[in-house]
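query_5.cif, holding mmCIF, C-alpha atoms:
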data_work
#
loop_
_atom_site.label_atom_id
_atom_site.label_comp_id
_atom_site.auth_asym_id
_atom_site.auth_seq_id
_atom_site.Cartn_x
_atom_site.Cartn_y
_atom_site.Cartn_z
CA MET A 28 -13.84 -20.40 13.78
CA SER A 29 -10.62 -21.78 12.30
CA GLU A 30 -12.38 -25.11 11.60
CA TYR A 31 -15.02 -23.26 9.59
CA HIS A 32 -12.59 -21.06 7.66
CA THR A 33 -9.03 -19.78 7.92
CA SER A 34 -9.02 -16.03 7.35
CA VAL A 35 -6.67 -14.87 4.61
CA LEU A 36 -4.35 -11.85 4.94
CA LEU A 37 -5.81 -11.33 8.40
CA ASP A 38 -3.27 -8.96 9.93
CA GLU A 39 -2.60 -7.08 6.70
CA SER A 40 -6.28 -6.42 5.97
CA VAL A 41 -7.35 -5.43 9.49
CA SER A 42 -4.26 -3.26 10.00
CA ALA A 43 -5.14 -1.43 6.79
CA LEU A 44 -8.75 -1.04 7.92
CA VAL A 45 -8.72 0.05 11.55
CA GLU A 46 -7.38 3.54 12.14
CA SER A 47 -9.58 4.55 15.08
CA ILE A 48 -10.17 2.32 18.10
CA ASP A 49 -13.51 4.09 18.63
CA GLY A 50 -14.60 3.71 15.01
CA VAL A 51 -17.49 1.97 13.30
CA TYR A 52 -16.46 -0.73 10.84
CA ALA A 53 -18.19 -3.26 8.61
CA ASP A 54 -17.17 -6.80 7.73
CA ALA A 55 -19.16 -7.33 4.56
CA THR A 56 -18.37 -11.06 4.39
CA PHE A 57 -18.60 -12.47 7.92
CA GLY A 58 -18.00 -16.15 7.07
CA GLY A 59 -16.27 -17.82 10.00
CA GLY A 60 -15.94 -14.52 11.82
CA GLY A 61 -12.15 -14.39 11.75
CA HIS A 62 -11.81 -10.89 10.33
CA THR A 63 -14.64 -9.61 12.53
CA ALA A 64 -13.01 -11.03 15.66
CA GLU A 65 -9.71 -9.40 14.76
CA ILE A 66 -11.38 -6.04 14.14
CA LEU A 67 -13.18 -6.25 17.50
CA SER A 68 -9.89 -7.08 19.24
CA ARG A 69 -8.48 -3.75 18.08
CA LEU A 70 -11.44 -1.60 19.10
CA SER A 71 -12.24 0.09 22.40
CA PRO A 72 -15.56 -0.46 24.18
CA ASN A 73 -16.83 2.51 22.15
CA GLY A 74 -16.06 0.92 18.79
CA SER A 75 -18.51 -1.27 16.87
CA VAL A 76 -18.78 -3.61 13.92
CA LEU A 77 -21.56 -4.33 11.44
CA ALA A 78 -21.14 -7.76 9.83
CA PHE A 79 -23.01 -9.28 6.89
CA ASP A 80 -23.43 -12.71 5.36
CA ARG A 81 -26.18 -14.37 3.33
CA ASP A 82 -25.14 -17.91 4.29
CA LEU A 83 -27.17 -19.31 7.20
CA ASP A 84 -24.24 -21.52 8.24
CA ALA A 85 -22.05 -18.42 8.58
CA ILE A 86 -24.66 -16.68 10.73
CA GLY A 87 -24.30 -19.61 13.11
CA ASN A 88 -20.74 -18.40 13.87
CA ARG A 89 -22.12 -15.35 15.68
CA ILE A 90 -19.67 -13.78 18.14
CA ASP A 91 -21.00 -12.90 21.58
CA ASP A 92 -19.96 -9.26 21.75
CA PRO A 93 -22.28 -6.29 22.36
CA ARG A 94 -20.24 -4.23 19.90
CA LEU A 95 -21.23 -6.54 17.02
CA THR A 96 -24.38 -6.33 14.92
CA LEU A 97 -24.65 -9.38 12.63
CA ILE A 98 -27.05 -9.08 9.71
CA ARG A 99 -28.10 -11.85 7.34
CA SER A 100 -27.97 -10.13 3.98
CA ASP A 101 -26.22 -10.07 0.63
CA PHE A 102 -23.51 -7.44 0.90
CA ARG A 103 -24.89 -5.68 -2.15
CA TRP A 104 -27.36 -4.01 0.26
CA ILE A 105 -24.68 -2.66 2.59
CA HIS A 106 -25.59 1.00 2.12
CA ASN A 107 -29.24 0.36 3.02
CA HIS A 108 -28.21 -1.39 6.22
CA VAL A 109 -25.67 1.28 7.17
CA LEU A 110 -28.41 3.88 6.89
CA ASN A 111 -30.92 1.69 8.73
CA GLN A 112 -28.47 1.33 11.60
CA GLY A 113 -28.41 5.12 11.90
CA TYR A 114 -24.98 5.85 10.43
CA THR A 115 -26.20 8.52 8.04
CA GLY A 116 -22.85 10.33 8.22
CA GLY A 117 -20.98 7.25 7.10
CA ILE A 118 -18.73 4.71 8.81
CA ASP A 119 -14.97 4.47 9.24
CA GLY A 120 -14.15 1.42 7.18
CA ILE A 121 -15.43 -1.61 5.26
CA LEU A 122 -13.69 -4.93 4.69
CA ALA A 123 -14.73 -7.62 2.22
CA ASP A 124 -13.07 -11.01 1.74
CA LEU A 125 -14.55 -12.26 -1.53
CA GLY A 126 -13.40 -15.86 -1.19
CA VAL A 127 -15.60 -18.89 -0.76
CA SER A 128 -15.25 -20.23 2.78
CA SER A 129 -13.48 -23.50 3.50
CA HIS A 130 -16.73 -24.69 5.10
CA GLN A 131 -18.63 -24.20 1.85
CA PHE A 132 -15.99 -26.07 -0.14
CA ASP A 133 -15.66 -28.86 2.40
CA THR A 134 -19.35 -29.50 3.09
CA ALA A 135 -20.24 -32.04 0.42
CA GLU A 136 -23.98 -31.41 0.29
CA ARG A 137 -23.43 -27.71 -0.53
CA GLY A 138 -22.18 -28.80 -3.97
CA PHE A 139 -19.33 -26.28 -4.24
CA SER A 140 -16.64 -28.88 -4.88
CA PHE A 141 -16.11 -31.55 -7.51
CA ARG A 142 -14.23 -33.59 -4.87
CA TYR A 143 -17.53 -35.03 -3.65
CA ASP A 144 -20.46 -36.72 -5.33
CA ALA A 145 -23.21 -34.36 -4.23
CA PRO A 146 -26.18 -32.37 -5.55
CA LEU A 147 -25.23 -29.53 -7.91
CA ASP A 148 -26.24 -26.75 -5.54
CA MET A 149 -23.64 -23.98 -4.93
CA ARG A 150 -26.07 -21.54 -3.34
CA MET A 151 -24.50 -19.22 -0.78
CA ASN A 152 -28.00 -18.35 0.38
CA GLN A 153 -29.58 -21.76 0.94
CA GLU A 154 -33.05 -20.23 0.55
CA ALA A 155 -32.39 -18.87 -2.95
CA ASP A 156 -34.38 -20.45 -5.76
CA ARG A 157 -31.74 -21.19 -8.39
CA THR A 158 -29.12 -23.95 -8.06
CA ALA A 159 -26.26 -24.98 -10.32
CA ALA A 160 -28.42 -27.91 -11.49
CA ASP A 161 -31.09 -25.44 -12.62
CA ILE A 162 -28.50 -23.66 -14.74
CA ILE A 163 -27.01 -26.85 -16.19
CA ASN A 164 -30.42 -28.25 -17.09
CA GLY A 165 -32.38 -25.10 -17.85
CA TYR A 166 -30.13 -22.61 -19.62
CA GLU A 167 -29.73 -22.55 -23.38
CA THR A 168 -26.46 -24.00 -24.68
CA GLU A 169 -25.30 -20.54 -25.77
CA GLU A 170 -25.91 -19.15 -22.27
CA ILE A 171 -23.90 -21.93 -20.66
CA GLU A 172 -21.07 -21.36 -23.12
CA LYS A 173 -21.03 -17.65 -22.30
CA ILE A 174 -20.99 -18.28 -18.53
CA LEU A 175 -18.11 -20.74 -18.84
CA ARG A 176 -16.15 -18.41 -21.12
CA ILE A 177 -16.64 -15.16 -19.20
CA TYR A 178 -16.85 -16.28 -15.57
CA GLY A 179 -14.50 -19.26 -15.71
CA GLU A 180 -12.27 -18.36 -18.67
CA VAL A 181 -12.74 -22.01 -19.63
CA ASP A 182 -10.95 -23.23 -22.73
CA ASN A 183 -13.23 -24.98 -25.23
CA SER A 184 -16.27 -23.51 -23.50
CA ARG A 185 -18.43 -24.11 -26.57
CA ARG A 186 -17.51 -27.78 -26.68
CA ILE A 187 -18.19 -28.16 -22.94
CA ALA A 188 -21.61 -26.52 -23.33
CA GLN A 189 -22.44 -28.83 -26.23
CA MET A 190 -21.41 -31.88 -24.21
CA ILE A 191 -23.67 -30.75 -21.37
CA GLU A 192 -26.53 -30.29 -23.84
CA LYS A 193 -26.01 -33.79 -25.25
CA ALA A 194 -25.89 -35.41 -21.82
CA ARG A 195 -28.95 -33.64 -20.42
CA GLN A 196 -31.04 -34.73 -23.40
CA ILE A 197 -30.53 -38.29 -22.17
CA ALA A 198 -31.09 -37.54 -18.47
CA PRO A 199 -31.00 -34.49 -16.19
CA ILE A 200 -27.60 -33.59 -14.72
CA ASN A 201 -28.27 -33.20 -11.01
CA THR A 202 -25.03 -34.16 -9.26
CA THR A 203 -21.37 -33.28 -9.40
CA ALA A 204 -20.56 -36.81 -10.54
CA GLU A 205 -23.05 -36.57 -13.40
CA LEU A 206 -21.56 -33.27 -14.54
CA GLY A 207 -18.07 -34.72 -14.37
CA LYS A 208 -19.12 -37.70 -16.47
CA ALA A 209 -20.84 -35.46 -19.02
CA ILE A 210 -17.66 -33.51 -19.76
CA GLU A 211 -14.95 -36.03 -18.85
CA LYS A 212 -13.78 -36.51 -22.44
CA ALA A 213 -12.91 -32.82 -22.66
CA LEU A 214 -10.84 -32.71 -19.47
CA PRO A 215 -7.13 -32.14 -20.25
CA LYS A 216 -4.79 -34.87 -19.04
CA PHE A 217 -2.79 -33.96 -15.92
CA ALA A 218 -4.85 -30.78 -15.45
CA GLU A 219 -8.33 -32.13 -14.74
CA HIS A 220 -8.66 -30.46 -11.35
CA LYS A 221 -7.58 -27.04 -12.61
CA PHE A 222 -10.03 -27.27 -15.51
CA LEU A 223 -12.92 -28.40 -13.30
CA ALA A 224 -12.14 -25.60 -10.84
CA LYS A 225 -12.76 -23.09 -13.65
CA VAL A 226 -16.04 -24.77 -14.60
CA TYR A 227 -17.23 -24.75 -11.00
CA GLN A 228 -16.14 -21.15 -10.50
CA ALA A 229 -18.20 -20.09 -13.51
CA LEU A 230 -21.31 -21.92 -12.30
CA ARG A 231 -20.93 -20.62 -8.74
CA ILE A 232 -20.62 -17.03 -9.94
CA GLU A 233 -23.80 -17.38 -12.01
CA VAL A 234 -25.76 -19.14 -9.26
CA ASN A 235 -24.96 -16.43 -6.73
CA GLN A 236 -24.85 -13.49 -9.17
CA GLU A 237 -21.47 -12.65 -7.67
CA MET A 238 -20.35 -10.06 -10.21
CA LYS A 239 -23.62 -8.12 -9.96
CA SER A 240 -23.49 -8.29 -6.16
CA LEU A 241 -19.88 -7.08 -6.17
CA GLU A 242 -20.68 -4.12 -8.43
CA LYS A 243 -23.59 -3.05 -6.23
CA PHE A 244 -21.47 -3.60 -3.12
CA LEU A 245 -18.67 -1.36 -4.38
CA ILE A 246 -21.13 1.43 -5.17
CA GLY A 247 -22.83 1.00 -1.79
CA ALA A 248 -19.54 0.81 0.09
CA ALA A 249 -18.31 4.07 -1.41
CA ARG A 250 -21.56 5.74 -0.36
CA SER A 251 -21.37 4.25 3.12
CA LEU A 252 -17.90 5.53 4.00
CA LYS A 253 -17.27 8.86 5.64
CA THR A 254 -14.53 11.07 4.22
CA GLY A 255 -11.23 9.42 5.02
CA GLY A 256 -12.89 6.04 5.58
CA ARG A 257 -11.21 2.97 4.15
CA LEU A 258 -12.32 0.19 1.84
CA VAL A 259 -10.29 -3.03 2.09
CA VAL A 260 -11.04 -5.85 -0.36
CA ILE A 261 -9.48 -9.30 -0.77
CA THR A 262 -10.02 -10.86 -4.21
CA TYR A 263 -9.26 -14.35 -5.53
CA HIS A 264 -9.65 -14.33 -9.30
CA SER A 265 -8.96 -11.93 -12.13
CA LEU A 266 -12.58 -10.98 -12.84
CA GLU A 267 -13.33 -9.64 -9.37
CA ASP A 268 -9.86 -8.15 -8.91
CA ARG A 269 -10.21 -6.22 -12.17
CA MET A 270 -13.62 -4.97 -11.08
CA VAL A 271 -12.31 -3.77 -7.71
CA LYS A 272 -9.23 -2.17 -9.29
CA ASN A 273 -11.33 -0.36 -11.90
CA PHE A 274 -13.84 0.90 -9.34
CA ILE A 275 -11.13 2.30 -7.10
CA LYS A 276 -9.53 3.99 -10.10
CA SER A 277 -12.62 5.43 -11.71
CA GLY A 278 -15.75 4.89 -9.60
CA ASN A 279 -17.15 2.41 -12.11
CA ILE A 280 -16.36 -1.19 -13.05
CA ASP A 281 -15.33 -0.28 -16.59
CA GLY A 282 -12.36 1.76 -15.40
CA LYS A 283 -13.34 4.85 -17.43
CA VAL A 284 -12.26 7.90 -15.49
CA GLU A 285 -14.80 10.72 -15.57
CA LYS A 286 -13.81 14.29 -14.72
CA ASP A 287 -15.68 17.33 -13.49
CA PHE A 288 -15.72 20.80 -15.04
CA TYR A 289 -12.30 21.54 -13.57
CA GLY A 290 -10.71 18.35 -14.86
CA ASN A 291 -10.70 16.53 -11.53
CA SER A 292 -11.61 12.86 -11.31
CA THR A 293 -15.08 12.22 -9.91
CA ALA A 294 -14.07 8.80 -8.52
CA PRO A 295 -15.09 8.64 -4.83
CA LEU A 296 -12.09 6.55 -3.79
CA LYS A 297 -8.33 6.82 -4.04
CA ALA A 298 -6.00 3.82 -4.05
CA VAL A 299 -3.72 3.48 -1.05
CA ASN A 300 -1.63 0.71 -2.62
CA ARG A 301 -1.08 0.80 -6.39
CA LYS A 302 -0.05 -2.84 -6.45
CA PRO A 303 -2.06 -5.44 -4.51
CA ILE A 304 -0.66 -6.89 -1.30
CA LEU A 305 -0.06 -10.64 -1.62
CA PRO A 306 0.12 -13.34 1.06
CA GLN A 307 3.51 -14.29 2.45
CA GLU A 308 4.93 -17.65 1.39
CA SER A 309 4.48 -18.88 4.96
CA GLU A 310 0.73 -18.15 4.82
CA ILE A 311 0.36 -19.93 1.48
CA ALA A 312 2.23 -22.94 2.88
CA ALA A 313 -0.16 -23.06 5.83
CA ASN A 314 -3.29 -22.37 3.76
CA THR A 315 -3.05 -23.15 0.04
CA ARG A 316 -6.38 -21.41 -0.59
CA ALA A 317 -4.58 -18.12 0.09
CA ARG A 318 -2.32 -18.48 -2.93
CA SER A 319 -4.47 -16.44 -5.33
CA ALA A 320 -5.48 -13.73 -2.83
CA LYS A 321 -4.88 -10.04 -3.57
CA LEU A 322 -5.50 -7.21 -1.12
CA ARG A 323 -6.49 -3.75 -2.34
CA ILE A 324 -6.96 -0.70 -0.11
CA ALA A 325 -8.69 2.60 -0.90
CA VAL A 326 -9.66 5.72 0.99
CA LYS A 327 -12.82 7.81 0.57
CA GLU A 328 -12.04 11.19 -0.99
CA GLU A 329 -13.57 14.41 0.23
CA GLU A 330 -16.83 15.04 -1.58
#

Let me see the file written as structure tokens.
Amino acid sequence: MSEYHTSVLLDESVSALVESIDGVYADATFGGGGHTAEILSRLSPNGSVLAFDRDLDAIGNRIDDPRLTLIRSDFRWIHNHVLNQGYTGGIDGILADLGVSSHQFDTAERGFSFRYDAPLDMRMNQEADRTAADIINGYETEEIEKILRIYGEVDNSRRIAQMIEKARQIAPINTTAELGKAIEKALPKFAEHKFLAKVYQALRIEVNQEMKSLEKFLIGAARSLKTGGRLVVITYHSLEDRMVKNFIKSGNIDGKVEKDFYGNSTAPLKAVNRKPILPQESEIAANTRARSAKLRIAVKEEE
């Protein structure tokens, strides 16, 4: 599993999640199975884990344990699956690591990284219809600019979108190398990789509809937890961290707290840690992809 992906904040996240060795827990982002394996190691024979992933490669990391039910699905449907598995009274905890796996970044043909000359793909579900190439070649210039600006916080997003438009009029942009060539004159000196990372993040989020999936997941997770159950989420960029923080605070992604007739917040969750837990320096040194990780923990309030 470590060759596929190194789990981030492993002990911190699972320690925050598992409070009952006989409990039912969900790993919403199975990936290489590291978090799931750690959860299982802390449960009794009576405990169990539901795990989800939409990536077929991740499903291939299945753990041989009768306490595990592994489901190929976007985590936005978590509440449906929790109900279908018979847990109508809710489960004890849900963990989600929102990062892209090392395997996805390091497998050239998946198109997640500008380090390789590969097809512009970026699909987490390999059977999905839309690829990054479809977006680059099919979206209007204004749409591309908006995606780059909102999802990647890319400087000069309008200029980048216009450069893409100009290049694709000559020939379709189907590979990472072709995209790099189309926008190379706009890349800042000495910060090319950082800039390209933002561009690729924006495209990946749009391809996989990550923000919409996350919003639906948060709503479904809150519904799936029993009173006192815990939600543990690891984020990697400001957009998703803000969404998680706002939802925990208010029960919606906008962060607007709504109150009942008596003036009490109607948010279903309560933050356990007001400030996110960050990786130790030793973990970042061993796994540089952990450097931007933030861990937030919430508990389901009594309804």

What does the PyMOL selection byres ((chain A and resi 87) around 12) select in this file, as a PDB file with C-alpha atoms, in the coordinates of the input?
ATOM      1  CA  MET A  28     -13.840 -20.400  13.780  1.00  0.00           C
ATOM      2  CA  TYR A  31     -15.020 -23.260   9.590  1.00  0.00           C
ATOM      3  CA  PHE A  57     -18.600 -12.470   7.920  1.00  0.00           C
ATOM      4  CA  GLY A  58     -18.000 -16.150   7.070  1.00  0.00           C
ATOM      5  CA  GLY A  59     -16.270 -17.820  10.000  1.00  0.00           C
ATOM      6  CA  GLY A  60     -15.940 -14.520  11.820  1.00  0.00           C
ATOM      7  CA  ASP A  80     -23.430 -12.710   5.360  1.00  0.00           C
ATOM      8  CA  ARG A  81     -26.180 -14.370   3.330  1.00  0.00           C
ATOM      9  CA  ASP A  82     -25.140 -17.910   4.290  1.00  0.00           C
ATOM     10  CA  LEU A  83     -27.170 -19.310   7.200  1.00  0.00           C
ATOM     11  CA  ASP A  84     -24.240 -21.520   8.240  1.00  0.00           C
ATOM     12  CA  ALA A  85     -22.050 -18.420   8.580  1.00  0.00           C
ATOM     13  CA  ILE A  86     -24.660 -16.680  10.730  1.00  0.00           C
ATOM     14  CA  ASN A  88     -20.740 -18.400  13.870  1.00  0.00           C
ATOM     15  CA  ARG A  89     -22.120 -15.350  15.680  1.00  0.00           C
ATOM     16  CA  ILE A  90     -19.670 -13.780  18.140  1.00  0.00           C
ATOM     17  CA  ASP A  91     -21.000 -12.900  21.580  1.00  0.00           C
ATOM     18  CA  LEU A  97     -24.650  -9.380  12.630  1.00  0.00           C
ATOM     19  CA  ILE A  98     -27.050  -9.080   9.710  1.00  0.00           C
ATOM     20  CA  ARG A  99     -28.100 -11.850   7.340  1.00  0.00           C
TER      21      ARG A  99
END

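Between CA of Gly255 in chain A and CA of Gln307 in chain A the interatomic distance comes to 28.0 Å.
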
Q: Tell me which of A:Glu167, A:Glu65, A:Glu136, A:Asp119 sits closest to Val326 in chain A, counting all atoms listed in the file.
A: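 Of the candidates, the smallest distance to Val326 in chain A is held by A:Asp119.
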
Q | Neighbour list for range 40-56 of chain A as a VMD selection string, cut-off 9 Å, all atoms listed in the file, skip fewer than 3 positions in-chain | A | chain A and resid 35 to 37 60 62 to 63 65 to 66 69 to 81 101 to 103 105 109 114 117 to 126 244 256 to 261 322 to 324

Keeping C-alpha atoms, export the residues of the selection given above as an mmCIF file, in the frame of the given file.
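So part-v7.cif came out as:
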data_model
loop_
_atom_site.group_PDB
_atom_site.id
_atom_site.type_symbol
_atom_site.label_atom_id
_atom_site.label_comp_id
_atom_site.auth_asym_id
_atom_site.auth_seq_id
_atom_site.Cartn_x
_atom_site.Cartn_y
_atom_site.Cartn_z
ATOM 1 C CA VAL A 35 -6.670 -14.870 4.610
ATOM 2 C CA LEU A 36 -4.350 -11.850 4.940
ATOM 3 C CA LEU A 37 -5.810 -11.330 8.400
ATOM 4 C CA GLY A 60 -15.940 -14.520 11.820
ATOM 5 C CA HIS A 62 -11.810 -10.890 10.330
ATOM 6 C CA THR A 63 -14.640 -9.610 12.530
ATOM 7 C CA GLU A 65 -9.710 -9.400 14.760
ATOM 8 C CA ILE A 66 -11.380 -6.040 14.140
ATOM 9 C CA ARG A 69 -8.480 -3.750 18.080
ATOM 10 C CA LEU A 70 -11.440 -1.600 19.100
ATOM 11 C CA SER A 71 -12.240 0.090 22.400
ATOM 12 C CA PRO A 72 -15.560 -0.460 24.180
ATOM 13 C CA ASN A 73 -16.830 2.510 22.150
ATOM 14 C CA GLY A 74 -16.060 0.920 18.790
ATOM 15 C CA SER A 75 -18.510 -1.270 16.870
ATOM 16 C CA VAL A 76 -18.780 -3.610 13.920
ATOM 17 C CA LEU A 77 -21.560 -4.330 11.440
ATOM 18 C CA ALA A 78 -21.140 -7.760 9.830
ATOM 19 C CA PHE A 79 -23.010 -9.280 6.890
ATOM 20 C CA ASP A 80 -23.430 -12.710 5.360
ATOM 21 C CA ARG A 81 -26.180 -14.370 3.330
ATOM 22 C CA ASP A 101 -26.220 -10.070 0.630
ATOM 23 C CA PHE A 102 -23.510 -7.440 0.900
ATOM 24 C CA ARG A 103 -24.890 -5.680 -2.150
ATOM 25 C CA ILE A 105 -24.680 -2.660 2.590
ATOM 26 C CA VAL A 109 -25.670 1.280 7.170
ATOM 27 C CA TYR A 114 -24.980 5.850 10.430
ATOM 28 C CA GLY A 117 -20.980 7.250 7.100
ATOM 29 C CA ILE A 118 -18.730 4.710 8.810
ATOM 30 C CA ASP A 119 -14.970 4.470 9.240
ATOM 31 C CA GLY A 120 -14.150 1.420 7.180
ATOM 32 C CA ILE A 121 -15.430 -1.610 5.260
ATOM 33 C CA LEU A 122 -13.690 -4.930 4.690
ATOM 34 C CA ALA A 123 -14.730 -7.620 2.220
ATOM 35 C CA ASP A 124 -13.070 -11.010 1.740
ATOM 36 C CA LEU A 125 -14.550 -12.260 -1.530
ATOM 37 C CA GLY A 126 -13.400 -15.860 -1.190
ATOM 38 C CA PHE A 244 -21.470 -3.600 -3.120
ATOM 39 C CA GLY A 256 -12.890 6.040 5.580
ATOM 40 C CA ARG A 257 -11.210 2.970 4.150
ATOM 41 C CA LEU A 258 -12.320 0.190 1.840
ATOM 42 C CA VAL A 259 -10.290 -3.030 2.090
ATOM 43 C CA VAL A 260 -11.040 -5.850 -0.360
ATOM 44 C CA ILE A 261 -9.480 -9.300 -0.770
ATOM 45 C CA LEU A 322 -5.500 -7.210 -1.120
ATOM 46 C CA ARG A 323 -6.490 -3.750 -2.340
ATOM 47 C CA ILE A 324 -6.960 -0.700 -0.110
#

Q | Nearest to Ala249 in chain A by atom-to-atom distance, counting all atoms listed in the file, from A:Lys272, A:Lys297, A:Asn314, A:Lys327 | A | A:Lys327

Kindly resolve the PyMOL selection byres ((chain A and resi 288-294) around 9) on the present coordinates and return the residues as a short mmCIF file (atom, residue, chain, number, x, y, z; two decimals) with C-alpha atoms, keeping the file's coordinate frame.
data_model
loop_
_atom_site.label_atom_id
_atom_site.label_comp_id
_atom_site.auth_asym_id
_atom_site.auth_seq_id
_atom_site.Cartn_x
_atom_site.Cartn_y
_atom_site.Cartn_z
CA PHE A 274 -13.84 0.90 -9.34
CA ILE A 275 -11.13 2.30 -7.10
CA LYS A 276 -9.53 3.99 -10.10
CA SER A 277 -12.62 5.43 -11.71
CA GLY A 278 -15.75 4.89 -9.60
CA ASN A 279 -17.15 2.41 -12.11
CA VAL A 284 -12.26 7.90 -15.49
CA GLU A 285 -14.80 10.72 -15.57
CA LYS A 286 -13.81 14.29 -14.72
CA ASP A 287 -15.68 17.33 -13.49
CA PRO A 295 -15.09 8.64 -4.83
CA LEU A 296 -12.09 6.55 -3.79
CA LYS A 297 -8.33 6.82 -4.04
CA GLU A 328 -12.04 11.19 -0.99
CA GLU A 330 -16.83 15.04 -1.58
#

Q: Might you spell out which residues the PyMOL selection byres ((chain A and resi 181-186) around 8) would select in the displayed file, as a PyMOL selection string?
A: chain A and resi 169+172-173+175-177+179-180+187-190+213+222+225-226

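CA of Thr203 in chain A to CA of Ser140 in chain A spans 7.9 Å [interatomic distance, one decimal].
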
Q: Kindly indicate which residue among A:Ala160, A:Val127, A:Ala224, A:Ile232 lies nearest to Arg142 in chain A, using all atoms listed in the file for the distances.
A: A:Ala224

Q) Which value, in Å to one decimal, gives the distance between CA of Gln131 in chain A and CA of Arg318 in chain A? A) 17.9 Å
